[in-house]
Amino acid sequence: MPQNKTIFITHQFGGGWATDFGPTFYGSPDQGGQFKIPYLTSGKNLIYEFDGGPRKAPGTTVLNASSLGSTTGVMGVFDYWKQGTSGSPSQRRIVHAGENIYQDAGSGTFSSLFSGMTEGAIPQYSTFKDLMITGNDSTADVPKSWDGSTAQNLAGTPPRFSFSISHRGRQWAAGNYSAPSRLYYSVADDPEDWAGAGSGSIDIDVGDGDMITGLLSWKSQLIIFKGPNKLSIHRLDGSTPSDFVRTPWITGISAAWQNSIFPMGDDFGFISPRGTIHSLKATSNYGDYNQTYLSYPINTFCREDLNHNRSRYWWAATDSLHGYTLITVTRSGQTSNDRVLMLDWRFMAQGEQWPRWSLWDFGSFASMAQAIDTNNRPRIFAGAYDGYVYKMDQTSRTHNNTSINYNWATPFLSYGGEYYLKVINALSIGIAPKNGNPVTVGWTRDDNAQQTTTISQTSGAALDAFVLDTDVLGGSSFVPRFTELETGGEFRAIQYEITENALDSDVEIHNLGASLTFSGYSTENSL
């Protein structure tokens, strides 16, 4: 490379948070000075714009007027709709907290449907024939139903199941501890008849060391997950008991529990009790092949930093409007869910091999579900340990009146190799300004202490009045914001980090620029 050549390099974002791709990246910019950052070594409280730019995660607001007061938190949330025959469908938000199941018509004030339930049990809900049907993983509670007016034990002599779903005109259930491998089905078109003609059960590999942990209706097949020890997935074809055919499908991989299965576009994902996250399509095509895991970029985190003994308590919910899934998980050494994994799967449809990840640390949520909010807007609702249900995706960028800490860092970038010495002269951020709050930009040169500067989001001057480090170029929708670095310094590899932690403050960055002078070959260690 020519000596003493100064290049302005524009860094764009080619990937999200990854723990497994190493601390250093050796790529070089192209002839036009464009450089794609392949992944981030830190990615806290981010979502990603379509060009890959990291934006601060949205905030939350509470749904209920007062806490539902439970030591175990809000263990379940469900969006129940009844179409009826009047042309005016009714909606109820169902919440499981403490020993009660509550319902709310949208006012934020909940009334009790059921009491005396097992506190801390993991509930599950489904709707069939206008019935809200719920079970949980307690051995003491029996399945319940509610049709909008009558709340009662589910009729029709059902088994004591933990979860159920509708599939091809029947209700299917599993999670019975006295028959852990047994799959039950109701009479056709009648979720309140589990003993009549046309009902029955199927045993799935009895004695294999596992129980049925999840069910999914997928492309006319019923997918049956077993775990949490040996792990297997099975398929059931057919529409009547006379033509039901069960086929073993995949071994060594499965879903942790019913609440860990989630939609993602035209595919489904699921969390395994090992902590890894998978696509059903990729699992169908490649089986237990590590590089096809959705969690491949963060497998070390999933493997080493999560409490796998609490895998049944992990919940996943998809924001279909934005194309990402939130997964609430428990870190190692903790006894409740204290982190959220954000999985943005849109980029896979654009040809990327893996989704983009972010780690959210501003909320501790016991459960999650997508529900329809006002103006027919889908939104994730999260049940927390403080007895409140939080509506996600708020523009406030706060949680419980506390700021959300936006942070991301690149790997160490050597721009072709550590052999060459470089000097950093200036930095810029390509930003869509949201306010006048400053953004802190840090750079770490080799093993030196990190250096920082602040850059304001505020837009302003025209080109002929431009003042470096005071004004910006362009309009308010997108601006490159520049600052000179009088003490930038010399390096062989450099890492960049961006942070912003102001209350009720958004930040959206689309690129990072750096003016670098390449000093040619190093004389150190040369012959």
# chains A, B, ... in the order shown; residues from 1 in each chain; ligands from 1
>>> residues_around(residues="A:His234", least_positions_apart="4", cutoff="7 Å", atoms="only C-alpha atoms", output="list in words")
Ile223, Ile224, Phe225, Arg246, Thr247, Pro248, Trp249 and Ile250 of chain A
>>> residues_around(residues="stretch 418-434 of chain A", least_positions_apart="6", cutoff="9 Å", atoms="only C-alpha atoms", output="PyMOL selection string")
chain A and resi 1+4+6+8+10+26+441+455-459+476-493+505-522+524
>>> residues_around(residues="A:Ala369", least_positions_apart="3", cutoff="9 Å", atoms="only C-alpha atoms", output="list in words")
Gly76, Val77, Phe78, Asp79, Trp315, Ala316, Ala317, Thr318, Asp319, Arg379, Ile380, Phe381, Ala382 and Gly383 of chain A
>>> write_last_selection(atoms="C-alpha atoms", output="compact mmCIF listing (two decimals), in the first residue's frame")
# COMPACT_ATOMS: atom_id res chain seq x y z
CA GLY A 76 -48.82 -15.46 30.54
CA VAL A 77 -50.45 -13.02 28.10
CA PHE A 78 -52.97 -13.88 25.39
CA ASP A 79 -55.04 -11.93 22.84
CA TRP A 315 -40.90 -17.09 25.85
CA ALA A 316 -40.75 -15.99 22.22
CA ALA A 317 -43.09 -13.53 20.50
CA THR A 318 -42.92 -12.16 16.97
CA ASP A 319 -43.60 -8.56 16.00
CA ARG A 379 -47.68 -5.16 19.10
CA ILE A 380 -45.78 -7.37 21.54
CA PHE A 381 -47.17 -7.33 25.07
CA ALA A 382 -44.76 -8.42 27.80
CA GLY A 383 -45.71 -9.64 31.27
>>> atom_distance(atom1="atom CA of A:Thr61", atom2="atom CA of A:Asp344")
22.2 Å
>>> closest_residue(among="A:Ala409, A:Val95, A:Ala502, A:Ala151", to="A:Pro23", atoms="only C-alpha atoms")
A:Ala409
>>> closest_residue(among="A:Leu341, A:Ile494, A:Ile122, A:Ile404", to="A:Gly59", atoms="only C-alpha atoms")
A:Ile404
>>> residues_around(residues="A:Ser199", least_positions_apart="3", cutoff="9 Å", atoms="only C-alpha atoms", output="PyMOL selection string")
chain A and resi 170+184-188+193-196+241
>>> write_last_selection(atoms="N, CA, C and O atoms", output="PDB file, in the first residue's frame")
ATOM      1  N   ARG A 170     -59.565 -30.156  14.719  1.00  0.00           N
ATOM      2  CA  ARG A 170     -59.602 -30.790  16.040  1.00  0.00           C
ATOM      3  C   ARG A 170     -58.720 -29.996  16.990  1.00  0.00           C
ATOM      4  O   ARG A 170     -57.842 -29.238  16.575  1.00  0.00           O
ATOM      5  N   TYR A 184     -53.096 -36.262  22.553  1.00  0.00           N
ATOM      6  CA  TYR A 184     -54.553 -36.417  22.602  1.00  0.00           C
ATOM      7  C   TYR A 184     -55.206 -35.580  21.511  1.00  0.00           C
ATOM      8  O   TYR A 184     -54.700 -34.510  21.148  1.00  0.00           O
ATOM      9  N   TYR A 185     -56.356 -36.058  21.021  1.00  0.00           N
ATOM     10  CA  TYR A 185     -57.127 -35.257  20.078  1.00  0.00           C
ATOM     11  C   TYR A 185     -58.609 -35.377  20.381  1.00  0.00           C
ATOM     12  O   TYR A 185     -59.111 -36.413  20.850  1.00  0.00           O
ATOM     13  N   SER A 186     -59.337 -34.281  20.127  1.00  0.00           N
ATOM     14  CA  SER A 186     -60.766 -34.203  20.435  1.00  0.00           C
ATOM     15  C   SER A 186     -61.589 -34.749  19.268  1.00  0.00           C
ATOM     16  O   SER A 186     -61.065 -35.066  18.191  1.00  0.00           O
ATOM     17  N   VAL A 187     -62.876 -34.804  19.469  1.00  0.00           N
ATOM     18  CA  VAL A 187     -63.810 -35.078  18.383  1.00  0.00           C
ATOM     19  C   VAL A 187     -63.703 -33.943  17.364  1.00  0.00           C
ATOM     20  O   VAL A 187     -63.415 -32.800  17.710  1.00  0.00           O
ATOM     21  N   ALA A 188     -63.916 -34.241  16.096  1.00  0.00           N
ATOM     22  CA  ALA A 188     -63.824 -33.228  15.054  1.00  0.00           C
ATOM     23  C   ALA A 188     -64.794 -32.081  15.328  1.00  0.00           C
ATOM     24  O   ALA A 188     -65.966 -32.301  15.676  1.00  0.00           O
ATOM     25  N   ASP A 193     -65.298 -32.232  23.560  1.00  0.00           N
ATOM     26  CA  ASP A 193     -65.596 -33.668  23.576  1.00  0.00           C
ATOM     27  C   ASP A 193     -64.290 -34.420  23.336  1.00  0.00           C
ATOM     28  O   ASP A 193     -63.766 -34.461  22.224  1.00  0.00           O
ATOM     29  N   TRP A 194     -63.777 -35.020  24.398  1.00  0.00           N
ATOM     30  CA  TRP A 194     -62.523 -35.759  24.351  1.00  0.00           C
ATOM     31  C   TRP A 194     -62.732 -37.255  24.616  1.00  0.00           C
ATOM     32  O   TRP A 194     -61.756 -37.992  24.779  1.00  0.00           O
ATOM     33  N   ALA A 195     -64.008 -37.674  24.642  1.00  0.00           N
ATOM     34  CA  ALA A 195     -64.299 -39.087  24.930  1.00  0.00           C
ATOM     35  C   ALA A 195     -65.205 -39.725  23.893  1.00  0.00           C
ATOM     36  O   ALA A 195     -65.330 -40.957  23.854  1.00  0.00           O
ATOM     37  N   GLY A 196     -65.841 -38.935  23.040  1.00  0.00           N
ATOM     38  CA  GLY A 196     -66.780 -39.473  22.076  1.00  0.00           C
ATOM     39  C   GLY A 196     -66.111 -40.097  20.867  1.00  0.00           C
ATOM     40  O   GLY A 196     -64.881 -40.117  20.742  1.00  0.00           O
ATOM     41  N   PRO A 241     -58.821 -40.213  12.269  1.00  0.00           N
ATOM     42  CA  PRO A 241     -58.104 -41.287  12.966  1.00  0.00           C
ATOM     43  C   PRO A 241     -57.758 -42.471  12.074  1.00  0.00           C
ATOM     44  O   PRO A 241     -56.745 -43.148  12.306  1.00  0.00           O
TER      45      PRO A 241
END
>>> atom_distance(atom1="atom CA of A:Gly15", atom2="atom CA of A:Phe268")
21.6 Å
>>> select_by_dssp(residues="stretch 33-152 of chain A", states="strand (DSSP E)", output="ChimeraX atom specification")
/A:34-37,42-44,46-48,54-56,59-62,74-82,90-97,100-104,111-114,123-128,131-136,144-146,151-152
>>> closest_residue(among="A:Thr109, A:Thr60, A:Ser332, A:Thr292", to="A:Trp354", atoms="only C-alpha atoms")
A:Thr292
>>> closest_residue(among="A:Met342, A:Val329, A:Ala349, A:Ile94", to="A:Ser364", atoms="only C-alpha atoms")
A:Val329
>>> residues_around(residues="A:Lys44", least_positions_apart="5", cutoff="9 Å", atoms="only C-alpha atoms", output="list in words")
Trp17, Lys56, Ala57, Ser358, Leu359, Trp360, Asp361, Asn405, Tyr406, Asn407 and Trp408 of chain A
>>> write_last_selection(atoms="N, CA and C atoms", output="compact mmCIF listing (two decimals), in the first residue's frame")
# COMPACT_ATOMS: atom_id res chain seq x y z
N TRP A 17 -25.09 -8.22 16.11
CA TRP A 17 -24.29 -8.67 17.25
C TRP A 17 -23.91 -10.14 17.08
N LYS A 56 -31.74 2.71 18.22
CA LYS A 56 -32.07 2.38 19.61
C LYS A 56 -33.38 1.61 19.68
N ALA A 57 -33.43 0.61 20.55
CA ALA A 57 -34.64 -0.20 20.73
C ALA A 57 -35.79 0.67 21.22
N SER A 358 -29.56 -8.75 18.64
CA SER A 358 -29.24 -7.70 19.60
C SER A 358 -29.63 -8.22 20.98
N LEU A 359 -28.95 -7.72 22.01
CA LEU A 359 -29.25 -8.09 23.39
C LEU A 359 -29.88 -6.90 24.10
N TRP A 360 -31.13 -7.07 24.57
CA TRP A 360 -31.82 -6.01 25.30
C TRP A 360 -31.71 -6.30 26.79
N ASP A 361 -31.29 -5.29 27.55
CA ASP A 361 -31.10 -5.49 28.99
C ASP A 361 -31.94 -4.55 29.85
N ASN A 405 -30.09 2.20 27.27
CA ASN A 405 -28.68 2.42 26.93
C ASN A 405 -28.36 1.80 25.56
N TYR A 406 -28.18 2.66 24.58
CA TYR A 406 -27.84 2.26 23.20
C TYR A 406 -26.33 2.07 23.11
N ASN A 407 -25.90 0.89 22.64
CA ASN A 407 -24.46 0.63 22.57
C ASN A 407 -24.16 -0.40 21.49
N TRP A 408 -23.17 -0.10 20.67
CA TRP A 408 -22.65 -1.12 19.75
C TRP A 408 -21.17 -0.88 19.52
>>> atom_distance(atom1="atom CA of A:Trp146", atom2="atom CA of A:Val389")
21.0 Å
>>> residues_around(residues="A:Gly363", least_positions_apart="4", cutoff="9 Å", atoms="only C-alpha atoms", output="ChimeraX atom specification")
/A:337-340,384,399-400
>>> closest_residue(among="A:Asn45, A:Thr71, A:Ser149, A:Ser239", to="A:Gln103", atoms="only C-alpha atoms")
A:Ser149
>>> residues_around(residues="A:Pro228", least_positions_apart="4", cutoff="12 Å", atoms="only C-alpha atoms", output="number ranges by chain")
A: 180, 208-214, 232-233, 251-257, 271-275, 308-312
>>> closest_residue(among="A:Asn307, A:Ser201, A:Ser336, A:Ser403", to="A:Asp386", atoms="only C-alpha atoms")
A:Ser336
>>> decode(residues="stretch 373-403 of chain A", atoms="N, CA, C and O atoms", output="short mmCIF file (atom, residue, chain, number, x, y, z; two decimals), in the first residue's frame")
data_model
loop_
_atom_site.label_atom_id
_atom_site.label_comp_id
_atom_site.auth_asym_id
_atom_site.auth_seq_id
_atom_site.Cartn_x
_atom_site.Cartn_y
_atom_site.Cartn_z
N ASP A 373 -53.25 -4.01 19.30
CA ASP A 373 -53.44 -2.81 20.10
C ASP A 373 -54.46 -1.90 19.41
O ASP A 373 -55.11 -2.31 18.45
N THR A 374 -54.59 -0.69 19.89
CA THR A 374 -55.53 0.26 19.29
C THR A 374 -55.18 0.49 17.83
O THR A 374 -54.04 0.32 17.39
N ASN A 375 -56.20 0.88 17.05
CA ASN A 375 -56.06 1.11 15.61
C ASN A 375 -55.61 -0.14 14.86
O ASN A 375 -54.96 -0.04 13.82
N ASN A 376 -55.97 -1.30 15.40
CA ASN A 376 -55.69 -2.58 14.75
C ASN A 376 -54.21 -2.81 14.51
O ASN A 376 -53.80 -3.42 13.53
N ARG A 377 -53.39 -2.34 15.44
CA ARG A 377 -51.94 -2.42 15.28
C ARG A 377 -51.38 -3.58 16.09
O ARG A 377 -51.56 -3.63 17.31
N PRO A 378 -50.70 -4.55 15.44
CA PRO A 378 -50.08 -5.64 16.20
C PRO A 378 -48.88 -5.12 17.00
O PRO A 378 -48.11 -4.28 16.51
N ARG A 379 -48.74 -5.62 18.22
CA ARG A 379 -47.68 -5.16 19.10
C ARG A 379 -47.37 -6.28 20.09
O ARG A 379 -48.26 -7.03 20.48
N ILE A 380 -46.12 -6.39 20.51
CA ILE A 380 -45.78 -7.37 21.54
C ILE A 380 -46.13 -6.82 22.91
O ILE A 380 -45.79 -5.68 23.24
N PHE A 381 -46.84 -7.63 23.69
CA PHE A 381 -47.17 -7.33 25.07
C PHE A 381 -46.32 -8.24 25.95
O PHE A 381 -46.26 -9.45 25.72
N ALA A 382 -45.68 -7.66 26.96
CA ALA A 382 -44.76 -8.42 27.80
C ALA A 382 -45.21 -8.37 29.25
O ALA A 382 -45.43 -7.29 29.81
N GLY A 383 -45.36 -9.55 29.86
CA GLY A 383 -45.71 -9.64 31.27
C GLY A 383 -44.46 -9.62 32.13
O GLY A 383 -43.54 -10.42 31.91
N ALA A 384 -44.39 -8.72 33.09
CA ALA A 384 -43.18 -8.53 33.88
C ALA A 384 -43.35 -9.07 35.29
O ALA A 384 -44.46 -9.41 35.74
N TYR A 385 -42.25 -9.11 36.01
CA TYR A 385 -42.25 -9.63 37.38
C TYR A 385 -42.81 -8.63 38.38
O TYR A 385 -43.06 -9.00 39.53
N ASP A 386 -43.02 -7.39 37.97
CA ASP A 386 -43.59 -6.39 38.88
C ASP A 386 -45.11 -6.37 38.84
O ASP A 386 -45.74 -5.50 39.45
N GLY A 387 -45.73 -7.31 38.11
CA GLY A 387 -47.18 -7.39 38.05
C GLY A 387 -47.81 -6.53 36.97
O GLY A 387 -49.03 -6.42 36.89
N TYR A 388 -46.99 -5.93 36.10
CA TYR A 388 -47.51 -5.10 35.02
C TYR A 388 -47.31 -5.80 33.67
O TYR A 388 -46.39 -6.59 33.49
N VAL A 389 -48.21 -5.46 32.74
CA VAL A 389 -48.05 -5.85 31.35
C VAL A 389 -47.57 -4.62 30.59
O VAL A 389 -48.17 -3.54 30.69
N TYR A 390 -46.48 -4.76 29.85
CA TYR A 390 -45.88 -3.65 29.12
C TYR A 390 -46.15 -3.80 27.64
O TYR A 390 -45.96 -4.87 27.06
N LYS A 391 -46.59 -2.70 27.03
CA LYS A 391 -46.74 -2.66 25.58
C LYS A 391 -45.42 -2.20 24.99
O LYS A 391 -44.93 -1.11 25.28
N MET A 392 -44.85 -3.05 24.14
CA MET A 392 -43.55 -2.77 23.54
C MET A 392 -43.70 -1.83 22.34
O MET A 392 -44.80 -1.45 21.97
N ASP A 393 -42.54 -1.49 21.75
CA ASP A 393 -42.48 -0.71 20.51
C ASP A 393 -43.06 0.69 20.68
O ASP A 393 -43.83 1.17 19.85
N GLN A 394 -42.68 1.36 21.76
CA GLN A 394 -43.11 2.73 21.99
C GLN A 394 -42.02 3.70 21.54
O GLN A 394 -40.82 3.44 21.68
N THR A 395 -42.44 4.84 21.03
CA THR A 395 -41.47 5.83 20.53
C THR A 395 -40.72 6.53 21.66
O THR A 395 -39.73 7.22 21.41
N SER A 396 -41.15 6.34 22.90
CA SER A 396 -40.55 7.05 24.03
C SER A 396 -39.08 6.69 24.27
O SER A 396 -38.32 7.48 24.79
N ARG A 397 -38.67 5.47 23.90
CA ARG A 397 -37.31 4.98 24.16
C ARG A 397 -36.97 5.04 25.65
O ARG A 397 -35.85 5.35 26.05
N THR A 398 -37.96 4.72 26.50
CA THR A 398 -37.73 4.58 27.93
C THR A 398 -38.47 3.34 28.41
O THR A 398 -39.43 2.87 27.78
N HIS A 399 -38.04 2.81 29.56
CA HIS A 399 -38.74 1.72 30.22
C HIS A 399 -38.82 2.05 31.71
O HIS A 399 -37.79 2.26 32.35
N ASN A 400 -40.05 2.11 32.24
CA ASN A 400 -40.25 2.50 33.64
C ASN A 400 -39.58 3.83 33.95
O ASN A 400 -38.93 4.01 34.99
N ASN A 401 -39.71 4.78 33.05
CA ASN A 401 -39.14 6.12 33.21
C ASN A 401 -37.62 6.10 33.32
O ASN A 401 -37.02 7.05 33.86
N THR A 402 -37.00 5.05 32.84
CA THR A 402 -35.54 4.92 32.85
C THR A 402 -35.04 4.88 31.41
O THR A 402 -35.66 4.28 30.54
N SER A 403 -33.91 5.51 31.17
CA SER A 403 -33.37 5.56 29.82
C SER A 403 -32.92 4.18 29.36
O SER A 403 -32.60 3.30 30.16
#
